[in-house]
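Shown next: query_23.pdb, given as PDB, C-alpha atoms and all ligand atoms.
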ATOM      1  CA  MET A   1     -17.236  -4.316  -0.273  1.00  0.00           C
ATOM      2  CA  LYS A   2     -13.860  -4.097  -1.914  1.00  0.00           C
ATOM      3  CA  LYS A   3     -12.907  -0.473  -2.329  1.00  0.00           C
ATOM      4  CA  LYS A   4     -11.310   1.060  -5.404  1.00  0.00           C
ATOM      5  CA  ILE A   5      -8.117   2.662  -4.199  1.00  0.00           C
ATOM      6  CA  VAL A   6      -5.338   4.738  -5.692  1.00  0.00           C
ATOM      7  CA  ALA A   7      -2.561   5.253  -3.197  1.00  0.00           C
ATOM      8  CA  GLY A   8       0.439   7.480  -3.856  1.00  0.00           C
ATOM      9  CA  ASN A   9       3.659   6.446  -2.133  1.00  0.00           C
ATOM     10  CA  TRP A  10       5.817   9.546  -2.369  1.00  0.00           C
ATOM     11  CA  LYS A  11       8.787   7.745  -0.773  1.00  0.00           C
ATOM     12  CA  MET A  12      11.678  10.135   0.072  1.00  0.00           C
ATOM     13  CA  ASN A  13      10.716  12.811  -2.463  1.00  0.00           C
ATOM     14  CA  LYS A  14       9.588  16.462  -2.400  1.00  0.00           C
ATOM     15  CA  THR A  15      10.445  19.403  -0.197  1.00  0.00           C
ATOM     16  CA  PHE A  16       7.750  20.725   2.142  1.00  0.00           C
ATOM     17  CA  ASN A  17       6.532  23.417  -0.264  1.00  0.00           C
ATOM     18  CA  HIS A  18       6.390  21.039  -3.215  1.00  0.00           C
ATOM     19  CA  ALA A  19       4.518  18.483  -1.119  1.00  0.00           C
ATOM     20  CA  LYS A  20       1.926  21.058  -0.061  1.00  0.00           C
ATOM     21  CA  GLU A  21       1.550  22.196  -3.663  1.00  0.00           C
ATOM     22  CA  LEU A  22       0.944  18.658  -4.933  1.00  0.00           C
ATOM     23  CA  ALA A  23      -1.575  17.918  -2.171  1.00  0.00           C
ATOM     24  CA  GLN A  24      -3.424  21.144  -2.990  1.00  0.00           C
ATOM     25  CA  GLN A  25      -3.519  20.285  -6.703  1.00  0.00           C
ATOM     26  CA  LEU A  26      -5.076  16.931  -5.858  1.00  0.00           C
ATOM     27  CA  VAL A  27      -7.613  18.527  -3.498  1.00  0.00           C
ATOM     28  CA  ASN A  28      -8.629  20.889  -6.322  1.00  0.00           C
ATOM     29  CA  SER A  29      -8.841  18.133  -8.919  1.00  0.00           C
ATOM     30  CA  SER A  30     -11.855  16.107  -9.916  1.00  0.00           C
ATOM     31  CA  TYR A  31     -11.716  12.340 -10.218  1.00  0.00           C
ATOM     32  CA  ASP A  32     -14.071   9.376 -10.064  1.00  0.00           C
ATOM     33  CA  THR A  33     -16.038   9.815  -6.809  1.00  0.00           C
ATOM     34  CA  GLU A  34     -16.043   6.057  -6.161  1.00  0.00           C
ATOM     35  CA  VAL A  35     -12.266   6.065  -5.906  1.00  0.00           C
ATOM     36  CA  ASN A  36     -10.526   6.341  -2.554  1.00  0.00           C
ATOM     37  CA  MET A  37      -7.404   8.439  -2.981  1.00  0.00           C
ATOM     38  CA  ILE A  38      -4.711   8.061  -0.311  1.00  0.00           C
ATOM     39  CA  LEU A  39      -1.393   9.916  -0.102  1.00  0.00           C
ATOM     40  CA  PHE A  40       1.732   8.703   1.688  1.00  0.00           C
ATOM     41  CA  PRO A  41       4.017  11.744   2.001  1.00  0.00           C
ATOM     42  CA  PRO A  42       7.231  11.773   4.055  1.00  0.00           C
ATOM     43  CA  ALA A  43       6.292  11.532   7.759  1.00  0.00           C
ATOM     44  CA  LEU A  44       7.414  15.084   8.459  1.00  0.00           C
ATOM     45  CA  TYR A  45       4.649  16.516   6.255  1.00  0.00           C
ATOM     46  CA  VAL A  46       1.776  14.301   7.335  1.00  0.00           C
ATOM     47  CA  SER A  47       0.210  16.646   9.861  1.00  0.00           C
ATOM     48  CA  GLU A  48       0.179  19.559   7.394  1.00  0.00           C
ATOM     49  CA  LEU A  49      -1.255  17.374   4.634  1.00  0.00           C
ATOM     50  CA  VAL A  50      -4.001  16.138   6.945  1.00  0.00           C
ATOM     51  CA  ASP A  51      -4.988  19.819   7.291  1.00  0.00           C
ATOM     52  CA  ILE A  52      -4.757  20.567   3.563  1.00  0.00           C
ATOM     53  CA  THR A  53      -6.931  17.579   2.660  1.00  0.00           C
ATOM     54  CA  SER A  54      -9.368  17.853   5.579  1.00  0.00           C
ATOM     55  CA  GLU A  55     -12.279  19.146   3.468  1.00  0.00           C
ATOM     56  CA  SER A  56     -11.697  16.558   0.754  1.00  0.00           C
ATOM     57  CA  SER A  57     -12.128  12.795   0.639  1.00  0.00           C
ATOM     58  CA  ILE A  58      -8.376  12.255   0.275  1.00  0.00           C
ATOM     59  CA  GLY A  59      -6.844  10.082   3.009  1.00  0.00           C
ATOM     60  CA  ILE A  60      -3.341  10.507   4.409  1.00  0.00           C
ATOM     61  CA  GLY A  61      -0.980   7.860   5.663  1.00  0.00           C
ATOM     62  CA  LEU A  62       2.563   7.102   6.780  1.00  0.00           C
ATOM     63  CA  GLN A  63       5.105   5.038   4.886  1.00  0.00           C
ATOM     64  CA  ASN A  64       6.244   3.131   7.970  1.00  0.00           C
ATOM     65  CA  VAL A  65       5.552   2.688  11.697  1.00  0.00           C
ATOM     66  CA  SER A  66       7.405   1.309  14.705  1.00  0.00           C
ATOM     67  CA  GLU A  67       6.501  -2.141  15.969  1.00  0.00           C
ATOM     68  CA  HIS A  68       6.808  -0.756  19.498  1.00  0.00           C
ATOM     69  CA  GLU A  69       4.137   1.066  21.437  1.00  0.00           C
ATOM     70  CA  LYS A  70       6.305   3.915  22.787  1.00  0.00           C
ATOM     71  CA  GLY A  71       9.564   4.748  24.537  1.00  0.00           C
ATOM     72  CA  ALA A  72      13.291   4.895  23.851  1.00  0.00           C
ATOM     73  CA  PHE A  73      13.356   4.176  20.116  1.00  0.00           C
ATOM     74  CA  THR A  74      15.137   7.213  18.683  1.00  0.00           C
ATOM     75  CA  GLY A  75      13.897   8.256  15.281  1.00  0.00           C
ATOM     76  CA  GLU A  76      10.839   6.006  15.301  1.00  0.00           C
ATOM     77  CA  ILE A  77       7.165   6.927  14.988  1.00  0.00           C
ATOM     78  CA  SER A  78       4.447   5.027  16.834  1.00  0.00           C
ATOM     79  CA  ALA A  79       0.977   4.088  15.651  1.00  0.00           C
ATOM     80  CA  GLU A  80      -0.504   6.181  18.455  1.00  0.00           C
ATOM     81  CA  MET A  81       1.371   9.235  17.110  1.00  0.00           C
ATOM     82  CA  ILE A  82       0.023   8.570  13.621  1.00  0.00           C
ATOM     83  CA  ALA A  83      -3.526   8.433  14.951  1.00  0.00           C
ATOM     84  CA  SER A  84      -2.945  11.579  17.019  1.00  0.00           C
ATOM     85  CA  VAL A  85      -2.301  13.731  13.924  1.00  0.00           C
ATOM     86  CA  GLY A  86      -5.392  12.391  12.157  1.00  0.00           C
ATOM     87  CA  ALA A  87      -3.715  10.123   9.601  1.00  0.00           C
ATOM     88  CA  GLN A  88      -5.684   6.978   8.827  1.00  0.00           C
ATOM     89  CA  TYR A  89      -3.386   4.649   6.896  1.00  0.00           C
ATOM     90  CA  CYS A  90       0.113   3.213   7.010  1.00  0.00           C
ATOM     91  CA  ILE A  91       2.199   1.180   4.569  1.00  0.00           C
ATOM     92  CA  VAL A  92       3.773  -1.907   6.161  1.00  0.00           C
ATOM     93  CA  GLY A  93       6.515  -4.065   4.678  1.00  0.00           C
ATOM     94  CA  HIS A  94       7.262  -2.138   1.521  1.00  0.00           C
ATOM     95  CA  SER A  95       9.976  -4.009  -0.390  1.00  0.00           C
ATOM     96  CA  GLU A  96      12.359  -1.086   0.166  1.00  0.00           C
ATOM     97  CA  ARG A  97      11.885  -1.489   3.933  1.00  0.00           C
ATOM     98  CA  ARG A  98      12.361  -5.237   3.608  1.00  0.00           C
ATOM     99  CA  GLU A  99      15.488  -4.851   1.463  1.00  0.00           C
ATOM    100  CA  TYR A 100      17.283  -1.830   2.943  1.00  0.00           C
ATOM    101  CA  PHE A 101      16.135  -2.022   6.557  1.00  0.00           C
ATOM    102  CA  GLY A 102      15.951  -5.787   6.977  1.00  0.00           C
ATOM    103  CA  GLU A 103      12.294  -5.851   7.946  1.00  0.00           C
ATOM    104  CA  GLN A 104      10.915  -9.369   8.083  1.00  0.00           C
ATOM    105  CA  ASN A 105       7.434 -10.812   8.276  1.00  0.00           C
ATOM    106  CA  GLN A 106       7.466 -11.323  12.072  1.00  0.00           C
ATOM    107  CA  VAL A 107       8.313  -7.684  12.795  1.00  0.00           C
ATOM    108  CA  LEU A 108       5.806  -6.555  10.191  1.00  0.00           C
ATOM    109  CA  SER A 109       3.060  -8.543  11.899  1.00  0.00           C
ATOM    110  CA  LYS A 110       3.788  -6.566  15.083  1.00  0.00           C
ATOM    111  CA  LYS A 111       3.581  -3.290  13.181  1.00  0.00           C
ATOM    112  CA  ILE A 112       0.173  -4.347  11.925  1.00  0.00           C
ATOM    113  CA  ASN A 113      -0.933  -5.070  15.493  1.00  0.00           C
ATOM    114  CA  GLN A 114       0.127  -1.609  16.630  1.00  0.00           C
ATOM    115  CA  LEU A 115      -1.757   0.007  13.743  1.00  0.00           C
ATOM    116  CA  LEU A 116      -4.960  -1.948  14.318  1.00  0.00           C
ATOM    117  CA  LEU A 117      -4.857  -1.141  18.038  1.00  0.00           C
ATOM    118  CA  ASN A 118      -4.860   2.518  17.012  1.00  0.00           C
ATOM    119  CA  LYS A 119      -7.509   2.110  14.298  1.00  0.00           C
ATOM    120  CA  ILE A 120      -5.088   2.847  11.454  1.00  0.00           C
ATOM    121  CA  THR A 121      -5.575   0.866   8.236  1.00  0.00           C
ATOM    122  CA  PRO A 122      -2.415  -1.036   7.256  1.00  0.00           C
ATOM    123  CA  ILE A 123      -1.484  -1.485   3.599  1.00  0.00           C
ATOM    124  CA  TYR A 124       0.542  -4.675   3.804  1.00  0.00           C
ATOM    125  CA  CYS A 125       3.002  -5.122   0.929  1.00  0.00           C
ATOM    126  CA  CYS A 126       4.142  -8.409  -0.512  1.00  0.00           C
ATOM    127  CA  GLY A 127       6.006  -9.327  -3.677  1.00  0.00           C
ATOM    128  CA  GLU A 128       8.927 -11.269  -5.062  1.00  0.00           C
ATOM    129  CA  ILE A 129      12.321 -10.293  -6.447  1.00  0.00           C
ATOM    130  CA  LEU A 130      13.118 -11.334 -10.016  1.00  0.00           C
ATOM    131  CA  VAL A 131      15.287 -14.306  -9.029  1.00  0.00           C
ATOM    132  CA  GLU A 132      12.397 -15.834  -7.086  1.00  0.00           C
ATOM    133  CA  ARG A 133      10.071 -15.474 -10.075  1.00  0.00           C
ATOM    134  CA  GLU A 134      12.655 -16.977 -12.390  1.00  0.00           C
ATOM    135  CA  LYS A 135      13.027 -19.925 -10.012  1.00  0.00           C
ATOM    136  CA  GLY A 136       9.241 -20.339 -10.029  1.00  0.00           C
ATOM    137  CA  ASN A 137       9.174 -19.631  -6.294  1.00  0.00           C
ATOM    138  CA  HIS A 138       7.072 -16.451  -6.410  1.00  0.00           C
ATOM    139  CA  PHE A 139       3.785 -18.006  -5.283  1.00  0.00           C
ATOM    140  CA  ASN A 140       5.392 -19.766  -2.304  1.00  0.00           C
ATOM    141  CA  LEU A 141       7.200 -16.614  -1.283  1.00  0.00           C
ATOM    142  CA  VAL A 142       4.149 -14.368  -1.454  1.00  0.00           C
ATOM    143  CA  LYS A 143       2.105 -16.989   0.387  1.00  0.00           C
ATOM    144  CA  SER A 144       4.568 -17.007   3.276  1.00  0.00           C
ATOM    145  CA  GLN A 145       4.615 -13.179   3.367  1.00  0.00           C
ATOM    146  CA  ILE A 146       0.817 -13.189   3.642  1.00  0.00           C
ATOM    147  CA  LYS A 147       0.679 -16.006   6.204  1.00  0.00           C
ATOM    148  CA  GLU A 148       3.443 -14.722   8.458  1.00  0.00           C
ATOM    149  CA  GLY A 149       2.401 -11.082   8.249  1.00  0.00           C
ATOM    150  CA  LEU A 150      -1.356 -11.400   8.512  1.00  0.00           C
ATOM    151  CA  PHE A 151      -2.621 -14.805   9.588  1.00  0.00           C
ATOM    152  CA  HIS A 152      -2.456 -14.098  13.315  1.00  0.00           C
ATOM    153  CA  LEU A 153      -5.353 -11.665  12.789  1.00  0.00           C
ATOM    154  CA  SER A 154      -9.034 -12.399  13.367  1.00  0.00           C
ATOM    155  CA  SER A 155     -11.463 -12.139  10.438  1.00  0.00           C
ATOM    156  CA  GLU A 156     -12.601  -8.780  11.694  1.00  0.00           C
ATOM    157  CA  GLU A 157      -9.026  -7.539  11.921  1.00  0.00           C
ATOM    158  CA  ILE A 158      -7.948  -8.722   8.478  1.00  0.00           C
ATOM    159  CA  LEU A 159     -10.988  -6.975   7.041  1.00  0.00           C
ATOM    160  CA  SER A 160      -9.416  -3.736   8.281  1.00  0.00           C
ATOM    161  CA  CYS A 161      -6.320  -4.353   6.160  1.00  0.00           C
ATOM    162  CA  ILE A 162      -5.452  -3.628   2.539  1.00  0.00           C
ATOM    163  CA  VAL A 163      -2.930  -5.795   0.675  1.00  0.00           C
ATOM    164  CA  ALA A 164      -0.560  -4.509  -2.015  1.00  0.00           C
ATOM    165  CA  TYR A 165       1.181  -6.856  -4.417  1.00  0.00           C
ATOM    166  CA  GLU A 166       4.366  -5.181  -5.611  1.00  0.00           C
ATOM    167  CA  PRO A 167       6.629  -7.371  -7.744  1.00  0.00           C
ATOM    168  CA  VAL A 168      10.022  -5.943  -6.797  1.00  0.00           C
ATOM    169  CA  TRP A 169      11.327  -6.307 -10.358  1.00  0.00           C
ATOM    170  CA  ALA A 170       8.639  -3.867 -11.504  1.00  0.00           C
ATOM    171  CA  ILE A 171       9.215  -1.155  -8.895  1.00  0.00           C
ATOM    172  CA  GLY A 172      10.764   1.985 -10.328  1.00  0.00           C
ATOM    173  CA  THR A 173      12.084   0.022 -13.297  1.00  0.00           C
ATOM    174  CA  GLY A 174       9.527   1.005 -15.926  1.00  0.00           C
ATOM    175  CA  VAL A 175       8.839  -2.722 -16.354  1.00  0.00           C
ATOM    176  CA  THR A 176       5.255  -3.508 -15.398  1.00  0.00           C
ATOM    177  CA  ALA A 177       3.769  -6.893 -14.677  1.00  0.00           C
ATOM    178  CA  THR A 178       1.407  -7.767 -17.523  1.00  0.00           C
ATOM    179  CA  SER A 179      -2.252  -7.686 -16.587  1.00  0.00           C
ATOM    180  CA  ASP A 180      -2.222 -11.509 -16.768  1.00  0.00           C
ATOM    181  CA  GLN A 181       0.678 -11.728 -14.321  1.00  0.00           C
ATOM    182  CA  ALA A 182      -1.001  -9.234 -11.983  1.00  0.00           C
ATOM    183  CA  GLN A 183      -4.381 -10.976 -12.120  1.00  0.00           C
ATOM    184  CA  GLU A 184      -2.759 -14.384 -11.608  1.00  0.00           C
ATOM    185  CA  MET A 185      -0.978 -13.264  -8.435  1.00  0.00           C
ATOM    186  CA  HIS A 186      -3.885 -11.192  -7.075  1.00  0.00           C
ATOM    187  CA  SER A 187      -6.252 -14.102  -7.515  1.00  0.00           C
ATOM    188  CA  PHE A 188      -3.681 -16.366  -5.833  1.00  0.00           C
ATOM    189  CA  ILE A 189      -3.413 -13.977  -2.861  1.00  0.00           C
ATOM    190  CA  ARG A 190      -7.189 -13.812  -2.524  1.00  0.00           C
ATOM    191  CA  GLY A 191      -7.260 -17.619  -2.625  1.00  0.00           C
ATOM    192  CA  VAL A 192      -4.643 -17.862   0.137  1.00  0.00           C
ATOM    193  CA  ILE A 193      -6.728 -15.506   2.290  1.00  0.00           C
ATOM    194  CA  ALA A 194      -9.896 -17.468   1.448  1.00  0.00           C
ATOM    195  CA  GLU A 195      -8.295 -20.763   2.560  1.00  0.00           C
ATOM    196  CA  LYS A 196      -7.900 -19.341   6.043  1.00  0.00           C
ATOM    197  CA  TYR A 197     -10.773 -16.854   6.398  1.00  0.00           C
ATOM    198  CA  GLY A 198     -13.325 -18.044   3.841  1.00  0.00           C
ATOM    199  CA  LEU A 199     -14.427 -16.655   0.509  1.00  0.00           C
ATOM    200  CA  GLU A 200     -16.669 -13.965   1.910  1.00  0.00           C
ATOM    201  CA  VAL A 201     -13.886 -12.305   3.902  1.00  0.00           C
ATOM    202  CA  ALA A 202     -11.381 -12.701   1.051  1.00  0.00           C
ATOM    203  CA  SER A 203     -13.771 -11.131  -1.438  1.00  0.00           C
ATOM    204  CA  LYS A 204     -14.003  -7.974   0.682  1.00  0.00           C
ATOM    205  CA  ILE A 205     -10.279  -7.262   0.924  1.00  0.00           C
ATOM    206  CA  SER A 206      -8.817  -4.738  -1.507  1.00  0.00           C
ATOM    207  CA  ILE A 207      -5.652  -5.945  -3.225  1.00  0.00           C
ATOM    208  CA  LEU A 208      -3.646  -3.193  -4.919  1.00  0.00           C
ATOM    209  CA  TYR A 209      -1.041  -3.560  -7.640  1.00  0.00           C
ATOM    210  CA  GLY A 210       2.249  -1.644  -7.391  1.00  0.00           C
ATOM    211  CA  GLY A 211       5.177  -1.504  -9.789  1.00  0.00           C
ATOM    212  CA  SER A 212       5.543   1.067 -12.566  1.00  0.00           C
ATOM    213  CA  CYS A 213       1.790   1.638 -12.707  1.00  0.00           C
ATOM    214  CA  ASN A 214       1.205   4.713 -14.882  1.00  0.00           C
ATOM    215  CA  PRO A 215      -1.544   6.470 -16.873  1.00  0.00           C
ATOM    216  CA  GLU A 216      -0.794   4.254 -19.888  1.00  0.00           C
ATOM    217  CA  ASN A 217      -1.174   0.868 -18.209  1.00  0.00           C
ATOM    218  CA  ALA A 218      -3.540   1.572 -15.291  1.00  0.00           C
ATOM    219  CA  LYS A 219      -6.753   0.928 -17.247  1.00  0.00           C
ATOM    220  CA  GLU A 220      -5.709  -2.540 -18.299  1.00  0.00           C
ATOM    221  CA  LEU A 221      -4.412  -3.445 -14.833  1.00  0.00           C
ATOM    222  CA  PHE A 222      -7.486  -2.110 -13.015  1.00  0.00           C
ATOM    223  CA  ALA A 223      -9.779  -3.995 -15.400  1.00  0.00           C
ATOM    224  CA  CYS A 224      -8.530  -7.285 -13.891  1.00  0.00           C
ATOM    225  CA  ASN A 225     -11.069  -8.937 -11.567  1.00  0.00           C
ATOM    226  CA  ASP A 226      -8.807  -9.090  -8.555  1.00  0.00           C
ATOM    227  CA  VAL A 227      -6.941  -5.812  -8.994  1.00  0.00           C
ATOM    228  CA  ASP A 228      -8.708  -3.248  -6.828  1.00  0.00           C
ATOM    229  CA  GLY A 229      -6.422  -0.329  -7.496  1.00  0.00           C
ATOM    230  CA  GLY A 230      -2.801   0.680  -7.278  1.00  0.00           C
ATOM    231  CA  LEU A 231       0.001   1.648  -4.939  1.00  0.00           C
ATOM    232  CA  ILE A 232       1.860   4.085  -7.121  1.00  0.00           C
ATOM    233  CA  GLY A 233       5.356   5.488  -6.701  1.00  0.00           C
ATOM    234  CA  GLY A 234       6.883   7.651  -9.440  1.00  0.00           C
ATOM    235  CA  ALA A 235       3.647   8.535 -11.234  1.00  0.00           C
ATOM    236  CA  SER A 236       2.052   9.731  -7.979  1.00  0.00           C
ATOM    237  CA  LEU A 237       4.537  12.613  -7.796  1.00  0.00           C
ATOM    238  CA  VAL A 238       2.894  14.427 -10.715  1.00  0.00           C
ATOM    239  CA  ALA A 239      -0.702  15.554 -10.154  1.00  0.00           C
ATOM    240  CA  GLU A 240      -1.888  15.048 -13.772  1.00  0.00           C
ATOM    241  CA  LYS A 241      -0.505  11.518 -13.913  1.00  0.00           C
ATOM    242  CA  PHE A 242      -1.940  10.502 -10.566  1.00  0.00           C
ATOM    243  CA  ILE A 243      -5.375  11.922 -11.393  1.00  0.00           C
ATOM    244  CA  SER A 244      -5.319  10.153 -14.723  1.00  0.00           C
ATOM    245  CA  ILE A 245      -4.585   6.880 -12.889  1.00  0.00           C
ATOM    246  CA  ALA A 246      -7.471   7.612 -10.469  1.00  0.00           C
ATOM    247  CA  ASN A 247      -9.742   7.926 -13.491  1.00  0.00           C
ATOM    248  CA  SER A 248      -8.639   4.593 -14.953  1.00  0.00           C
ATOM    249  CA  PHE A 249     -11.212   2.290 -13.325  1.00  0.00           C
TER     250      PHE A 249
HETATM  251  P1  LIG B 301       6.817   2.846  -8.889  1.00  0.00           P
HETATM  252  O1  LIG B 301       5.381   3.139  -9.237  1.00  0.00           O
HETATM  253  O2  LIG B 301       7.695   4.025  -8.943  1.00  0.00           O
HETATM  254  O3  LIG B 301       7.321   1.663  -9.636  1.00  0.00           O
HETATM  255  O4  LIG B 301       6.808   2.417  -7.333  1.00  0.00           O
HETATM  256  C1  LIG B 301       5.915   1.466  -6.892  1.00  0.00           C
HETATM  257  C2  LIG B 301       5.969   1.434  -5.419  1.00  0.00           C
HETATM  258  O5  LIG B 301       6.949   1.036  -4.840  1.00  0.00           O
HETATM  259  C3  LIG B 301       4.825   1.966  -4.678  1.00  0.00           C
HETATM  260  O6  LIG B 301       4.925   1.678  -3.331  1.00  0.00           O
END
For the file at hand, write its structure as structure tokens.
Amino acid sequence: MKKKIVAGNWKMNKTFNHAKELAQQLVNSSYDTEVNMILFPPALYVSELVDITSESSIGIGLQNVSEHEKGAFTGEISAEMIASVGAQYCIVGHSERREYFGEQNQVLSKKINQLLLNKITPIYCCGEILVEREKGNHFNLVKSQIKEGLFHLSSEEILSCIVAYEPVWAIGTGVTATSDQAQEMHSFIRGVIAEKYGLEVASKISILYGGSCNPENAKELFACNDVDGGLIGGASLVAEKFISIANSF
């Protein structure tokens, strides 16, 4: 079954105290019980947030992981470490990692392998920059991100993954993809997965939308057939906004 998911990518925001306060507000809040809420705080706070949320159904994840198993990789965090503090999810291939840290599909596929080996659920991000959309190349580009990042996996393995479509031109810009644009791309992504793994597998994979998703537009986006929730940046930093988005299904 596809899950309904609202995931908050806090990026490089919040001090420790503010992060704990926000997590506590979310733990105390009430939202649609069918919704899986996942928080992606800065790595430094993950262990503490796992504790704060332990009695709730909120999941905690990392924003990035090393493609290596262990060893002399100063500053990196391994999938085994993530599992060892009780976090269950990890974002892979966010457009900011692709753009500012040069991460490419091949490396991202290795990160996914490390996560799956350690039973962590990857949220694999794909999405085009504006120029690619204007050239009409957005479908090809997203298809190659999906193929090169995920298609080495078995059916069972890909079923342990979540996909997030984040049109880069909509991230942090206040410009949102229209629900038609989101549905069109989500349905395309599901089709690409179905070509390789079959319809049954494709129909079980959650595909999240990310890019200026907020309490005003979430309802319309989440009403689309192939939009199974959101990966939310800015609006996930304010408890009321994030809860309102969680109640938008
Ligand atoms: P915004 O919601 O701030 O546009 O960010 C989206 C995003 O990048 C989530 O990963």
Give me, as a PDB file with C-alpha atoms, keeping the file's coordinate frame, the set of residues whose atoms come within 9 Å of any atom of ligand LIG 301 (chain B), counting only C-alpha atoms and all ligand atoms.
ATOM      1  CA  ALA A   7      -2.561   5.253  -3.197  1.00  0.00           C
ATOM      2  CA  GLY A   8       0.439   7.480  -3.856  1.00  0.00           C
ATOM      3  CA  ASN A   9       3.659   6.446  -2.133  1.00  0.00           C
ATOM      4  CA  TRP A  10       5.817   9.546  -2.369  1.00  0.00           C
ATOM      5  CA  LYS A  11       8.787   7.745  -0.773  1.00  0.00           C
ATOM      6  CA  GLN A  63       5.105   5.038   4.886  1.00  0.00           C
ATOM      7  CA  ILE A  91       2.199   1.180   4.569  1.00  0.00           C
ATOM      8  CA  HIS A  94       7.262  -2.138   1.521  1.00  0.00           C
ATOM      9  CA  SER A  95       9.976  -4.009  -0.390  1.00  0.00           C
ATOM     10  CA  GLU A  96      12.359  -1.086   0.166  1.00  0.00           C
ATOM     11  CA  CYS A 125       3.002  -5.122   0.929  1.00  0.00           C
ATOM     12  CA  ALA A 164      -0.560  -4.509  -2.015  1.00  0.00           C
ATOM     13  CA  GLU A 166       4.366  -5.181  -5.611  1.00  0.00           C
ATOM     14  CA  PRO A 167       6.629  -7.371  -7.744  1.00  0.00           C
ATOM     15  CA  VAL A 168      10.022  -5.943  -6.797  1.00  0.00           C
ATOM     16  CA  TRP A 169      11.327  -6.307 -10.358  1.00  0.00           C
ATOM     17  CA  ALA A 170       8.639  -3.867 -11.504  1.00  0.00           C
ATOM     18  CA  ILE A 171       9.215  -1.155  -8.895  1.00  0.00           C
ATOM     19  CA  GLY A 172      10.764   1.985 -10.328  1.00  0.00           C
ATOM     20  CA  THR A 173      12.084   0.022 -13.297  1.00  0.00           C
ATOM     21  CA  GLY A 174       9.527   1.005 -15.926  1.00  0.00           C
ATOM     22  CA  VAL A 175       8.839  -2.722 -16.354  1.00  0.00           C
ATOM     23  CA  THR A 176       5.255  -3.508 -15.398  1.00  0.00           C
ATOM     24  CA  TYR A 209      -1.041  -3.560  -7.640  1.00  0.00           C
ATOM     25  CA  GLY A 210       2.249  -1.644  -7.391  1.00  0.00           C
ATOM     26  CA  GLY A 211       5.177  -1.504  -9.789  1.00  0.00           C
ATOM     27  CA  SER A 212       5.543   1.067 -12.566  1.00  0.00           C
ATOM     28  CA  CYS A 213       1.790   1.638 -12.707  1.00  0.00           C
ATOM     29  CA  ASN A 214       1.205   4.713 -14.882  1.00  0.00           C
ATOM     30  CA  GLY A 230      -2.801   0.680  -7.278  1.00  0.00           C
ATOM     31  CA  LEU A 231       0.001   1.648  -4.939  1.00  0.00           C
ATOM     32  CA  ILE A 232       1.860   4.085  -7.121  1.00  0.00           C
ATOM     33  CA  GLY A 233       5.356   5.488  -6.701  1.00  0.00           C
ATOM     34  CA  GLY A 234       6.883   7.651  -9.440  1.00  0.00           C
ATOM     35  CA  ALA A 235       3.647   8.535 -11.234  1.00  0.00           C
ATOM     36  CA  SER A 236       2.052   9.731  -7.979  1.00  0.00           C
TER      37      SER A 236
END
For each of A:Ile58, A:Leu22, A:Leu117, A:Val192, take the minimum atom-to-atom distance to A:Ala83, counting all atoms listed in the file, then give the residue where this is smallest. A:Leu117
Can you give me, as number ranges by chain, the residues this file yields under the PyMOL selection byres (((chain A and resi 65-74) around 9) and not hetatm)? A: 62-64, 75-80, 82, 90-92, 107-115
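The coordinates place atom CA of A:Pro42 at 6.2 Å from atom CA of A:Met12.
Using all atoms listed in the file, the shortest contact distance between A:Ala246 and any of A:Ala182, A:Ala218, A:Ile129, A:Ala177 is found at A:Ala218.
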Taking the file above as input, evaluate the PyMOL selection byres (((chain A and resi 249) around 12) and not hetatm) and report the hits as a PyMOL selection string. chain A and resi 3-6+31-36+215+217-225+227-230+243-248
Neighbour list for A:Asp51 as a PDB file with C-alpha atoms, in the coordinates of the input, cut-off 10 Å, only C-alpha atoms, skip fewer than 3 positions in-chain:
ATOM      1  CA  VAL A  46       1.776  14.301   7.335  1.00  0.00           C
ATOM      2  CA  SER A  47       0.210  16.646   9.861  1.00  0.00           C
ATOM      3  CA  GLU A  48       0.179  19.559   7.394  1.00  0.00           C
ATOM      4  CA  SER A  54      -9.368  17.853   5.579  1.00  0.00           C
ATOM      5  CA  GLU A  55     -12.279  19.146   3.468  1.00  0.00           C
ATOM      6  CA  SER A  56     -11.697  16.558   0.754  1.00  0.00           C
ATOM      7  CA  ILE A  60      -3.341  10.507   4.409  1.00  0.00           C
ATOM      8  CA  VAL A  85      -2.301  13.731  13.924  1.00  0.00           C
ATOM      9  CA  GLY A  86      -5.392  12.391  12.157  1.00  0.00           C
TER      10      GLY A  86
END
Contacts of A:Glu184 at 10 Å (all atoms listed in the file; same-chain gap of 2+ positions) as a PyMOL selection string: chain A and resi 139+178-182+186-189+224-227
I'd like the interatomic distance between atom CA of A:Val238 and atom CA of A:Ser30, to a tenth of an Å.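 Taking atom CA of A:Val238 and atom CA of A:Ser30, their separation equals 14.9 Å.
Distance-wise, atom CA of A:Ser155 and atom CA of A:Ala194 end up 10.6 Å apart.
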Using all atoms listed in the file, which protein or nucleic acid residues come within 6 Å of stretch 195-205 of chain A? Drop anything in the same chain fewer than 2 positions from it, and give the result as a PyMOL selection string. chain A and resi 1-2+190+192-193
Could you save those same residues with C-alpha atoms as a PDB file, in the coordinates of the input?
ATOM      1  CA  MET A   1     -17.236  -4.316  -0.273  1.00  0.00           C
ATOM      2  CA  LYS A   2     -13.860  -4.097  -1.914  1.00  0.00           C
ATOM      3  CA  ARG A 190      -7.189 -13.812  -2.524  1.00  0.00           C
ATOM      4  CA  VAL A 192      -4.643 -17.862   0.137  1.00  0.00           C
ATOM      5  CA  ILE A 193      -6.728 -15.506   2.290  1.00  0.00           C
TER       6      ILE A 193
END
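The closest residue to A:Ile146, picked from A:Cys126, A:Ser160, A:Glu21, A:Ala239 and counting only C-alpha atoms, is A:Cys126.
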Nearest candidate to A:Met185 (options A:Leu208, A:Leu116, A:Leu130, A:Val27; using only C-alpha atoms):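 Among the listed residues, the smallest separation from A:Met185 belongs to A:Leu208.
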